[in-house]
>>> print(open('run_4.txt').read())   # compact mmCIF, C-alpha atoms
# COMPACT_ATOMS: atom_id res chain seq x y z
CA LYS A 1 -3.37 14.95 27.62
CA TRP A 2 -4.56 13.73 24.25
CA PHE A 3 -7.86 13.52 22.45
CA PHE A 4 -9.34 10.98 20.07
CA SER A 5 -12.66 10.53 18.34
CA LYS A 6 -14.67 7.60 17.07
CA ASN A 7 -12.79 7.79 13.77
CA LEU A 8 -9.49 7.14 15.52
CA LYS A 9 -10.41 3.73 16.97
CA TYR A 10 -7.62 1.88 15.21
CA ILE A 11 -4.97 4.40 16.19
CA PHE A 12 -6.06 3.98 19.81
CA LEU A 13 -5.98 0.17 19.56
CA LEU A 14 -2.51 0.35 18.04
CA GLN A 15 -1.35 2.61 20.86
CA ILE A 16 -2.70 0.47 23.68
CA THR A 17 -1.38 -2.78 22.22
CA SER A 18 2.09 -1.24 22.20
CA PHE A 19 1.77 -0.84 26.01
CA ASP A 20 1.39 -4.59 26.52
CA GLU A 21 3.68 -6.18 23.97
CA HIS A 22 4.56 -9.80 24.68
CA GLY A 23 7.29 -10.11 22.08
CA ILE A 24 5.98 -12.49 19.43
CA SER A 25 2.55 -12.99 21.00
CA ASN A 26 -0.48 -11.63 19.18
CA THR A 27 -2.83 -11.77 22.17
CA PHE A 28 -3.46 -8.91 24.56
CA LYS A 29 -5.64 -8.29 27.59
CA PHE A 30 -6.56 -4.96 29.12
CA GLY A 31 -8.69 -3.96 32.05
CA VAL A 32 -11.52 -1.46 31.68
CA ILE A 33 -12.65 0.13 34.93
CA TYR A 34 -15.73 2.32 35.42
CA GLN A 35 -15.07 5.09 37.95
CA LYS A 36 -17.99 7.27 38.99
CA PHE A 37 -17.55 10.79 40.32
CA GLY A 38 -16.15 10.77 43.85
CA GLN A 39 -15.11 7.11 43.89
CA VAL A 40 -11.57 7.07 45.28
CA THR A 41 -11.29 3.60 46.80
CA GLU A 42 -10.76 0.25 45.14
CA GLU A 43 -13.87 -1.13 46.84
CA SER A 44 -16.14 1.62 45.53
CA ILE A 45 -14.70 1.46 42.00
CA PHE A 46 -14.98 -2.34 41.74
CA GLY A 47 -18.41 -2.15 43.39
CA ASN A 48 -20.10 -0.64 40.33
CA ARG A 49 -22.71 -3.12 39.14
CA SER A 50 -23.34 -1.48 35.79
CA HIS A 51 -22.05 1.32 33.62
CA SER A 52 -23.56 4.32 31.89
CA PRO A 53 -24.65 4.84 28.28
CA ALA A 54 -21.52 6.98 27.78
CA MET A 55 -19.30 4.08 28.81
CA GLU A 56 -21.30 1.70 26.63
CA GLU A 57 -20.64 4.02 23.69
CA PHE A 58 -16.92 3.91 24.53
CA LEU A 59 -16.95 0.11 24.81
CA GLN A 60 -18.54 -0.13 21.35
CA LEU A 61 -15.64 1.95 20.08
CA LEU A 62 -13.10 -0.47 21.58
CA GLY A 63 -14.55 -3.80 20.53
CA GLN A 64 -17.46 -6.16 20.12
CA HIS A 65 -19.56 -7.66 22.88
CA VAL A 66 -19.23 -11.43 22.70
CA ARG A 67 -21.14 -14.16 24.52
CA LEU A 68 -18.44 -16.04 26.39
CA SER A 69 -20.17 -19.43 25.99
CA GLU A 70 -19.93 -19.03 22.20
CA HIS A 71 -16.54 -17.31 21.99
CA THR A 72 -13.78 -19.28 20.25
CA GLY A 73 -11.06 -16.64 20.11
CA TYR A 74 -8.54 -15.54 22.71
CA ARG A 75 -10.12 -15.73 26.17
CA GLY A 76 -7.72 -13.62 28.22
CA GLY A 77 -8.26 -16.00 31.14
CA LEU A 78 -12.05 -15.72 31.08
CA ASP A 79 -14.19 -18.84 31.52
CA THR A 80 -16.00 -19.79 28.31
CA ARG A 81 -17.50 -23.05 29.59
CA HIS A 82 -19.11 -22.59 33.00
CA GLY A 83 -19.99 -18.88 33.14
CA GLN A 84 -17.89 -18.21 36.22
CA THR A 85 -16.47 -14.98 34.79
CA GLY A 86 -19.76 -13.64 33.46
CA THR A 87 -21.80 -14.14 30.34
CA HIS A 88 -20.35 -11.45 28.06
CA ALA A 89 -17.02 -9.78 27.41
CA LEU A 90 -15.51 -7.21 25.08
CA TYR A 91 -13.24 -8.58 22.35
CA GLU A 92 -11.58 -7.20 19.25
CA LYS A 93 -9.44 -8.63 16.48
CA TYR A 94 -7.15 -5.98 15.04
CA GLN A 95 -4.38 -6.46 12.46
CA GLY A 96 -3.98 -10.13 13.36
CA ASN A 97 -3.95 -9.37 17.09
CA GLU A 98 -6.62 -10.58 19.48
CA ILE A 99 -7.59 -8.27 22.32
CA MET A 100 -9.74 -9.25 25.30
CA PHE A 101 -10.93 -6.47 27.56
CA HIS A 102 -11.65 -7.32 31.20
CA VAL A 103 -14.52 -4.88 31.77
CA SER A 104 -15.20 -4.44 35.48
CA THR A 105 -18.96 -4.08 35.04
CA LEU A 106 -19.20 -7.19 32.83
CA LEU A 107 -17.39 -9.40 35.35
CA PRO A 108 -19.59 -10.97 38.04
CA PHE A 109 -20.63 -8.88 41.04
CA VAL A 110 -20.68 -10.89 44.28
CA GLU A 111 -22.95 -9.32 46.91
CA SER A 112 -21.07 -10.85 49.86
CA ASP A 113 -17.62 -9.77 48.60
CA ASP A 114 -16.80 -6.14 49.48
CA GLN A 115 -13.49 -6.38 47.62
CA GLN A 116 -15.00 -7.94 44.46
CA LEU A 117 -12.05 -10.32 44.17
CA GLN A 118 -13.33 -11.87 40.92
CA ARG A 119 -13.09 -8.49 39.22
CA LYS A 120 -9.84 -7.56 40.90
CA CYS A 121 -8.30 -10.92 40.00
CA HIS A 122 -8.67 -10.34 36.27
CA ILE A 123 -8.09 -6.61 36.06
CA GLY A 124 -5.32 -6.65 38.67
CA ASN A 125 -3.38 -9.18 36.59
CA ASP A 126 -3.42 -7.01 33.47
CA ILE A 127 -0.49 -4.72 32.71
CA VAL A 128 -2.61 -1.85 31.38
CA SER A 129 -6.07 -0.73 32.38
CA ILE A 130 -8.37 1.92 30.95
CA VAL A 131 -10.22 3.95 33.58
CA PHE A 132 -13.43 5.42 32.18
CA GLN A 133 -14.69 8.53 33.97
CA GLU A 134 -17.73 10.52 32.89
CA VAL A 135 -16.72 13.42 35.06
CA ASN A 136 -13.28 14.48 36.20
CA THR A 137 -12.55 12.77 39.52
CA PRO A 138 -9.24 12.02 41.19
CA PHE A 139 -7.49 8.86 40.06
CA THR A 140 -4.06 7.69 41.16
CA PRO A 141 -2.53 4.28 40.46
CA ASP A 142 -2.27 3.48 44.18
CA MET A 143 -6.08 3.31 44.36
CA ILE A 144 -5.85 -0.18 42.81
CA ALA A 145 -3.58 -2.63 44.63
CA SER A 146 -1.76 -4.78 42.08
CA HIS A 147 1.68 -6.18 41.43
CA PHE A 148 1.05 -6.25 37.68
CA LEU A 149 -0.86 -3.12 36.67
CA HIS A 150 1.70 -0.53 35.61
CA ALA A 151 -0.15 1.84 33.31
CA TYR A 152 -3.58 3.40 33.40
CA ILE A 153 -5.23 5.29 30.59
CA VAL A 154 -7.79 7.62 32.15
CA VAL A 155 -10.46 8.46 29.57
CA GLN A 156 -13.27 11.02 29.77
CA PRO A 157 -15.89 11.58 27.08
CA ILE A 158 -16.62 14.98 25.61
CA ASP A 159 -20.20 15.40 24.34
CA PRO A 160 -21.00 11.71 24.97
CA CYS A 161 -23.77 9.93 23.10
CA THR A 162 -23.85 12.51 20.32
CA SER A 163 -22.61 12.54 16.75
CA ILE A 164 -19.54 14.50 17.88
CA THR A 165 -18.41 12.33 20.80
CA ARG A 166 -14.69 12.48 21.39
CA TYR A 167 -12.46 11.56 24.30
CA ARG A 168 -9.83 13.19 26.49
CA GLY A 169 -7.17 10.93 27.92
CA LYS A 170 -4.29 10.96 30.38
CA ILE A 171 -1.75 8.28 31.09
CA ARG A 172 -0.91 7.44 34.70
CA SER A 173 1.89 5.10 35.70
CA SER A 174 2.42 3.21 38.92
CA ARG A 175 6.19 3.35 38.50
>>> encode(input="run_4.txt", output="structure tokens")
Amino acid sequence: KWFFSKNLKYIFLLQITSFDEHGISNTFKFGVIYQKFGQVTEESIFGNRSHSPAMEEFLQLLGQHVRLSEHTGYRGGLDTRHGQTGTHALYEKYQGNEIMFHVSTLLPFVESDDQQLQRKCHIGNDIVSIVFQEVNTPFTPDMIASHFLHAYIVVQPIDPCTSITRYRGKIRSSR
């Protein structure tokens, strides 16, 4: 387990980019999954239509919300022309690296799709995903079926939405 606070944003970004190094590439993409208490199936986790204020605070720590139709940086496979992958995403430029976060609750929710394949398509093709939990709940890598996802960073806030917010994290591997 490890902890980090708002002041350690850049250390965290440096750590997660080292998980997904592409050699000489300076572009990275990571999944961000919102897992509510008691959600232990892929369908329930990808079925979250929105996220909490605590997760929003965490997202603001990671990057900047961008309107996809106006975004000119690295897209991470998201559609910036027709809105098929949502209207907003989370993006950060850090030390010459561009990072696109595939946030499950920012990707489109399709009422008729129990599996939420649009969300799973993007997050399931990332190598690393951050799982945000407000409350401790079981998470194992086999909850998300993917041939590409190998590492999960499970993050829980401590004293969220306060001036002393900090985070507890665990790393889970599918290998």
>>> closest_residue(input="run_4.txt", among="A:Ser69, A:Leu62, A:Thr162, A:Val40", to="Pro141 of chain A", atoms="only C-alpha atoms")
A:Val40
>>> residues_around(input="run_4.txt", residues="Pro138 of chain A", least_positions_apart="6", cutoff="10 Å", atoms="only C-alpha atoms", output="PyMOL selection string")
chain A and resi 35+37-40
>>> write_last_selection(input="run_4.txt", atoms="C-alpha atoms", output="short mmCIF file (atom, residue, chain, number, x, y, z; two decimals), in the coordinates of the input")
data_model
loop_
_atom_site.label_atom_id
_atom_site.label_comp_id
_atom_site.auth_asym_id
_atom_site.auth_seq_id
_atom_site.Cartn_x
_atom_site.Cartn_y
_atom_site.Cartn_z
CA GLN A 35 -15.07 5.09 37.95
CA PHE A 37 -17.55 10.79 40.32
CA GLY A 38 -16.15 10.77 43.85
CA GLN A 39 -15.11 7.11 43.89
CA VAL A 40 -11.57 7.07 45.28
#
>>> residues_around(input="run_4.txt", residues="segment 150-159 of chain A", least_positions_apart="5", cutoff="7 Å", atoms="all atoms listed in the file", output="ChimeraX atom specification")
/A:127-135,164-175
>>> write_last_selection(input="run_4.txt", atoms="C-alpha atoms", output="PDB file, in the coordinates of the input")
ATOM      1  CA  ILE A 127      -0.490  -4.720  32.710  1.00  0.00           C
ATOM      2  CA  VAL A 128      -2.610  -1.850  31.380  1.00  0.00           C
ATOM      3  CA  SER A 129      -6.070  -0.730  32.380  1.00  0.00           C
ATOM      4  CA  ILE A 130      -8.370   1.920  30.950  1.00  0.00           C
ATOM      5  CA  VAL A 131     -10.220   3.950  33.580  1.00  0.00           C
ATOM      6  CA  PHE A 132     -13.430   5.420  32.180  1.00  0.00           C
ATOM      7  CA  GLN A 133     -14.690   8.530  33.970  1.00  0.00           C
ATOM      8  CA  GLU A 134     -17.730  10.520  32.890  1.00  0.00           C
ATOM      9  CA  VAL A 135     -16.720  13.420  35.060  1.00  0.00           C
ATOM     10  CA  ILE A 164     -19.540  14.500  17.880  1.00  0.00           C
ATOM     11  CA  THR A 165     -18.410  12.330  20.800  1.00  0.00           C
ATOM     12  CA  ARG A 166     -14.690  12.480  21.390  1.00  0.00           C
ATOM     13  CA  TYR A 167     -12.460  11.560  24.300  1.00  0.00           C
ATOM     14  CA  ARG A 168      -9.830  13.190  26.490  1.00  0.00           C
ATOM     15  CA  GLY A 169      -7.170  10.930  27.920  1.00  0.00           C
ATOM     16  CA  LYS A 170      -4.290  10.960  30.380  1.00  0.00           C
ATOM     17  CA  ILE A 171      -1.750   8.280  31.090  1.00  0.00           C
ATOM     18  CA  ARG A 172      -0.910   7.440  34.700  1.00  0.00           C
ATOM     19  CA  SER A 173       1.890   5.100  35.700  1.00  0.00           C
ATOM     20  CA  SER A 174       2.420   3.210  38.920  1.00  0.00           C
ATOM     21  CA  ARG A 175       6.190   3.350  38.500  1.00  0.00           C
TER      22      ARG A 175
END
>>> residues_around(input="run_4.txt", residues="Gln64 of chain A", least_positions_apart="3", cutoff="12 Å", atoms="all atoms listed in the file", output="PDB file with C-alpha atoms, keeping the file's coordinate frame")
ATOM      1  CA  GLU A  56     -21.300   1.700  26.630  1.00  0.00           C
ATOM      2  CA  GLU A  57     -20.640   4.020  23.690  1.00  0.00           C
ATOM      3  CA  PHE A  58     -16.920   3.910  24.530  1.00  0.00           C
ATOM      4  CA  LEU A  59     -16.950   0.110  24.810  1.00  0.00           C
ATOM      5  CA  GLN A  60     -18.540  -0.130  21.350  1.00  0.00           C
ATOM      6  CA  LEU A  61     -15.640   1.950  20.080  1.00  0.00           C
ATOM      7  CA  ARG A  67     -21.140 -14.160  24.520  1.00  0.00           C
ATOM      8  CA  LEU A  68     -18.440 -16.040  26.390  1.00  0.00           C
ATOM      9  CA  HIS A  71     -16.540 -17.310  21.990  1.00  0.00           C
ATOM     10  CA  HIS A  88     -20.350 -11.450  28.060  1.00  0.00           C
ATOM     11  CA  ALA A  89     -17.020  -9.780  27.410  1.00  0.00           C
ATOM     12  CA  LEU A  90     -15.510  -7.210  25.080  1.00  0.00           C
ATOM     13  CA  TYR A  91     -13.240  -8.580  22.350  1.00  0.00           C
ATOM     14  CA  GLU A  92     -11.580  -7.200  19.250  1.00  0.00           C
ATOM     15  CA  LYS A  93      -9.440  -8.630  16.480  1.00  0.00           C
ATOM     16  CA  TYR A  94      -7.150  -5.980  15.040  1.00  0.00           C
ATOM     17  CA  GLU A  98      -6.620 -10.580  19.480  1.00  0.00           C
ATOM     18  CA  ILE A  99      -7.590  -8.270  22.320  1.00  0.00           C
ATOM     19  CA  MET A 100      -9.740  -9.250  25.300  1.00  0.00           C
ATOM     20  CA  PHE A 101     -10.930  -6.470  27.560  1.00  0.00           C
TER      21      PHE A 101
END
>>> closest_residue(input="run_4.txt", among="A:Pro53, A:Phe46, A:Gly73, A:Thr140", to="Asn97 of chain A", atoms="only C-alpha atoms")
A:Gly73
>>> closest_residue(input="run_4.txt", among="A:Asn26, A:Ile33, A:Cys161, A:Asp142", to="Ile45 of chain A", atoms="only C-alpha atoms")
A:Ile33
>>> closest_residue(input="run_4.txt", among="A:Ile123, A:Val110, A:Met55, A:Leu117", to="Gly77 of chain A", atoms="all atoms listed in the file")
A:Ile123
>>> residues_around(input="run_4.txt", residues="Gln118 of chain A", least_positions_apart="5", cutoff="12 Å", atoms="only C-alpha atoms", output="PyMOL selection string")
chain A and resi 46-47+77-79+84-86+102-113+123-125
>>> write_last_selection(input="run_4.txt", atoms="C-alpha atoms", output="PDB file, keeping the file's coordinate frame")
ATOM      1  CA  PHE A  46     -14.980  -2.340  41.740  1.00  0.00           C
ATOM      2  CA  GLY A  47     -18.410  -2.150  43.390  1.00  0.00           C
ATOM      3  CA  GLY A  77      -8.260 -16.000  31.140  1.00  0.00           C
ATOM      4  CA  LEU A  78     -12.050 -15.720  31.080  1.00  0.00           C
ATOM      5  CA  ASP A  79     -14.190 -18.840  31.520  1.00  0.00           C
ATOM      6  CA  GLN A  84     -17.890 -18.210  36.220  1.00  0.00           C
ATOM      7  CA  THR A  85     -16.470 -14.980  34.790  1.00  0.00           C
ATOM      8  CA  GLY A  86     -19.760 -13.640  33.460  1.00  0.00           C
ATOM      9  CA  HIS A 102     -11.650  -7.320  31.200  1.00  0.00           C
ATOM     10  CA  VAL A 103     -14.520  -4.880  31.770  1.00  0.00           C
ATOM     11  CA  SER A 104     -15.200  -4.440  35.480  1.00  0.00           C
ATOM     12  CA  THR A 105     -18.960  -4.080  35.040  1.00  0.00           C
ATOM     13  CA  LEU A 106     -19.200  -7.190  32.830  1.00  0.00           C
ATOM     14  CA  LEU A 107     -17.390  -9.400  35.350  1.00  0.00           C
ATOM     15  CA  PRO A 108     -19.590 -10.970  38.040  1.00  0.00           C
ATOM     16  CA  PHE A 109     -20.630  -8.880  41.040  1.00  0.00           C
ATOM     17  CA  VAL A 110     -20.680 -10.890  44.280  1.00  0.00           C
ATOM     18  CA  GLU A 111     -22.950  -9.320  46.910  1.00  0.00           C
ATOM     19  CA  SER A 112     -21.070 -10.850  49.860  1.00  0.00           C
ATOM     20  CA  ASP A 113     -17.620  -9.770  48.600  1.00  0.00           C
ATOM     21  CA  ILE A 123      -8.090  -6.610  36.060  1.00  0.00           C
ATOM     22  CA  GLY A 124      -5.320  -6.650  38.670  1.00  0.00           C
ATOM     23  CA  ASN A 125      -3.380  -9.180  36.590  1.00  0.00           C
TER      24      ASN A 125
END
>>> atom_distance(input="run_4.txt", atom1="atom CA of Asn136 of chain A", atom2="atom CA of Lys36 of chain A")
9.1 Å
>>> atom_distance(input="run_4.txt", atom1="atom CA of Thr41 of chain A", atom2="atom CA of Val66 of chain A")
29.5 Å
>>> atom_distance(input="run_4.txt", atom1="atom CA of Asp114 of chain A", atom2="atom CA of Gly31 of chain A")
19.3 Å
>>> decode(input="run_4.txt", residues="segment 73-87 of chain A", atoms="all heavy atoms", output="PDB file, in the first residue's frame")
ATOM      1  N   GLY A  73      -4.804  17.766 -28.951  1.00  0.00           N
ATOM      2  CA  GLY A  73      -3.681  16.941 -28.509  1.00  0.00           C
ATOM      3  C   GLY A  73      -3.928  15.463 -28.764  1.00  0.00           C
ATOM      4  O   GLY A  73      -4.804  15.076 -29.547  1.00  0.00           O
ATOM      5  N   TYR A  74      -3.150  14.646 -28.091  1.00  0.00           N
ATOM      6  CA  TYR A  74      -3.268  13.191 -28.205  1.00  0.00           C
ATOM      7  C   TYR A  74      -4.684  12.760 -27.837  1.00  0.00           C
ATOM      8  O   TYR A  74      -5.234  13.179 -26.826  1.00  0.00           O
ATOM      9  CB  TYR A  74      -2.236  12.533 -27.282  1.00  0.00           C
ATOM     10  CG  TYR A  74      -2.336  11.043 -27.200  1.00  0.00           C
ATOM     11  CD1 TYR A  74      -2.156  10.243 -28.321  1.00  0.00           C
ATOM     12  CD2 TYR A  74      -2.600  10.425 -25.987  1.00  0.00           C
ATOM     13  CE1 TYR A  74      -2.243   8.857 -28.234  1.00  0.00           C
ATOM     14  CE2 TYR A  74      -2.678   9.043 -25.891  1.00  0.00           C
ATOM     15  CZ  TYR A  74      -2.502   8.264 -27.015  1.00  0.00           C
ATOM     16  OH  TYR A  74      -2.592   6.901 -26.928  1.00  0.00           O
ATOM     17  N   ARG A  75      -5.281  11.920 -28.672  1.00  0.00           N
ATOM     18  CA  ARG A  75      -6.678  11.509 -28.496  1.00  0.00           C
ATOM     19  C   ARG A  75      -6.835  10.186 -27.764  1.00  0.00           C
ATOM     20  O   ARG A  75      -7.904   9.883 -27.259  1.00  0.00           O
ATOM     21  CB  ARG A  75      -7.368  11.378 -29.857  1.00  0.00           C
ATOM     22  CG  ARG A  75      -7.400  12.633 -30.657  1.00  0.00           C
ATOM     23  CD  ARG A  75      -8.080  12.460 -32.007  1.00  0.00           C
ATOM     24  NE  ARG A  75      -7.498  11.413 -32.831  1.00  0.00           N
ATOM     25  CZ  ARG A  75      -8.150  10.343 -33.268  1.00  0.00           C
ATOM     26  NH1 ARG A  75      -9.403  10.154 -32.979  1.00  0.00           N
ATOM     27  NH2 ARG A  75      -7.550   9.450 -34.025  1.00  0.00           N
ATOM     28  N   GLY A  76      -5.832   9.358 -27.768  1.00  0.00           N
ATOM     29  CA  GLY A  76      -5.928   8.050 -27.128  1.00  0.00           C
ATOM     30  C   GLY A  76      -7.035   7.199 -27.714  1.00  0.00           C
ATOM     31  O   GLY A  76      -7.650   6.402 -27.012  1.00  0.00           O
ATOM     32  N   GLY A  77      -7.318   7.373 -29.009  1.00  0.00           N
ATOM     33  CA  GLY A  77      -8.353   6.604 -29.680  1.00  0.00           C
ATOM     34  C   GLY A  77      -9.754   7.166 -29.548  1.00  0.00           C
ATOM     35  O   GLY A  77     -10.703   6.596 -30.081  1.00  0.00           O
ATOM     36  N   LEU A  78      -9.911   8.286 -28.850  1.00  0.00           N
ATOM     37  CA  LEU A  78     -11.240   8.875 -28.688  1.00  0.00           C
ATOM     38  C   LEU A  78     -11.608   9.709 -29.912  1.00  0.00           C
ATOM     39  O   LEU A  78     -10.748  10.292 -30.571  1.00  0.00           O
ATOM     40  CB  LEU A  78     -11.294   9.739 -27.422  1.00  0.00           C
ATOM     41  CG  LEU A  78     -11.050   8.987 -26.113  1.00  0.00           C
ATOM     42  CD1 LEU A  78     -11.086   9.949 -24.927  1.00  0.00           C
ATOM     43  CD2 LEU A  78     -12.052   7.865 -25.925  1.00  0.00           C
ATOM     44  N   ASP A  79     -12.888   9.755 -30.210  1.00  0.00           N
ATOM     45  CA  ASP A  79     -13.415  10.466 -31.378  1.00  0.00           C
ATOM     46  C   ASP A  79     -13.541  11.956 -31.061  1.00  0.00           C
ATOM     47  O   ASP A  79     -14.279  12.338 -30.164  1.00  0.00           O
ATOM     48  CB  ASP A  79     -14.776   9.879 -31.736  1.00  0.00           C
ATOM     49  CG  ASP A  79     -15.464  10.628 -32.864  1.00  0.00           C
ATOM     50  OD1 ASP A  79     -14.767  11.262 -33.676  1.00  0.00           O
ATOM     51  OD2 ASP A  79     -16.703  10.553 -32.924  1.00  0.00           O
ATOM     52  N   THR A  80     -12.827  12.781 -31.811  1.00  0.00           N
ATOM     53  CA  THR A  80     -12.888  14.233 -31.597  1.00  0.00           C
ATOM     54  C   THR A  80     -13.732  14.940 -32.658  1.00  0.00           C
ATOM     55  O   THR A  80     -13.838  16.152 -32.651  1.00  0.00           O
ATOM     56  CB  THR A  80     -11.465  14.847 -31.602  1.00  0.00           C
ATOM     57  OG1 THR A  80     -10.826  14.533 -32.843  1.00  0.00           O
ATOM     58  CG2 THR A  80     -10.640  14.342 -30.438  1.00  0.00           C
ATOM     59  N   ARG A  81     -14.330  14.195 -33.559  1.00  0.00           N
ATOM     60  CA  ARG A  81     -15.103  14.810 -34.642  1.00  0.00           C
ATOM     61  C   ARG A  81     -16.600  14.595 -34.550  1.00  0.00           C
ATOM     62  O   ARG A  81     -17.376  15.482 -34.822  1.00  0.00           O
ATOM     63  CB  ARG A  81     -14.625  14.289 -35.990  1.00  0.00           C
ATOM     64  CG  ARG A  81     -13.215  14.705 -36.296  1.00  0.00           C
ATOM     65  CD  ARG A  81     -12.819  14.237 -37.649  1.00  0.00           C
ATOM     66  NE  ARG A  81     -11.396  14.492 -37.856  1.00  0.00           N
ATOM     67  CZ  ARG A  81     -10.858  14.642 -39.015  1.00  0.00           C
ATOM     68  NH1 ARG A  81     -11.582  14.546 -40.097  1.00  0.00           N
ATOM     69  NH2 ARG A  81      -9.573  14.892 -39.111  1.00  0.00           N
ATOM     70  N   HIS A  82     -17.027  13.388 -34.191  1.00  0.00           N
ATOM     71  CA  HIS A  82     -18.448  13.054 -34.283  1.00  0.00           C
ATOM     72  C   HIS A  82     -19.112  12.793 -32.935  1.00  0.00           C
ATOM     73  O   HIS A  82     -20.282  12.457 -32.886  1.00  0.00           O
ATOM     74  CB  HIS A  82     -18.634  11.836 -35.180  1.00  0.00           C
ATOM     75  CG  HIS A  82     -18.073  12.015 -36.560  1.00  0.00           C
ATOM     76  ND1 HIS A  82     -16.820  12.483 -36.807  1.00  0.00           N
ATOM     77  CD2 HIS A  82     -18.603  11.795 -37.775  1.00  0.00           C
ATOM     78  CE1 HIS A  82     -16.587  12.536 -38.102  1.00  0.00           C
ATOM     79  NE2 HIS A  82     -17.662  12.126 -38.720  1.00  0.00           N
ATOM     80  N   GLY A  83     -18.367  12.882 -31.849  1.00  0.00           N
ATOM     81  CA  GLY A  83     -18.932  12.707 -30.517  1.00  0.00           C
ATOM     82  C   GLY A  83     -19.304  11.284 -30.158  1.00  0.00           C
ATOM     83  O   GLY A  83     -20.054  11.065 -29.210  1.00  0.00           O
ATOM     84  N   GLN A  84     -18.785  10.312 -30.872  1.00  0.00           N
ATOM     85  CA  GLN A  84     -19.175   8.931 -30.613  1.00  0.00           C
ATOM     86  C   GLN A  84     -18.553   8.346 -29.353  1.00  0.00           C
ATOM     87  O   GLN A  84     -18.996   7.299 -28.882  1.00  0.00           O
ATOM     88  CB  GLN A  84     -18.846   8.068 -31.824  1.00  0.00           C
ATOM     89  CG  GLN A  84     -19.691   8.432 -33.013  1.00  0.00           C
ATOM     90  CD  GLN A  84     -19.531   7.447 -34.150  1.00  0.00           C
ATOM     91  OE1 GLN A  84     -18.893   6.399 -34.010  1.00  0.00           O
ATOM     92  NE2 GLN A  84     -20.111   7.783 -35.282  1.00  0.00           N
ATOM     93  N   THR A  85     -17.547   9.000 -28.803  1.00  0.00           N
ATOM     94  CA  THR A  85     -16.940   8.513 -27.563  1.00  0.00           C
ATOM     95  C   THR A  85     -17.181   9.481 -26.410  1.00  0.00           C
ATOM     96  O   THR A  85     -16.452   9.486 -25.423  1.00  0.00           O
ATOM     97  CB  THR A  85     -15.423   8.270 -27.738  1.00  0.00           C
ATOM     98  OG1 THR A  85     -14.808   9.477 -28.217  1.00  0.00           O
ATOM     99  CG2 THR A  85     -15.167   7.137 -28.706  1.00  0.00           C
ATOM    100  N   GLY A  86     -18.219  10.284 -26.537  1.00  0.00           N
ATOM    101  CA  GLY A  86     -18.559  11.235 -25.482  1.00  0.00           C
ATOM    102  C   GLY A  86     -18.192  12.650 -25.856  1.00  0.00           C
ATOM    103  O   GLY A  86     -17.635  12.911 -26.925  1.00  0.00           O
ATOM    104  N   THR A  87     -18.501  13.563 -24.971  1.00  0.00           N
ATOM    105  CA  THR A  87     -18.230  14.975 -25.235  1.00  0.00           C
ATOM    106  C   THR A  87     -16.980  15.487 -24.529  1.00  0.00           C
ATOM    107  O   THR A  87     -16.354  16.426 -24.987  1.00  0.00           O
ATOM    108  CB  THR A  87     -19.421  15.846 -24.792  1.00  0.00           C
ATOM    109  OG1 THR A  87     -19.658  15.642 -23.400  1.00  0.00           O
ATOM    110  CG2 THR A  87     -20.676  15.507 -25.589  1.00  0.00           C
TER     111      THR A  87
END
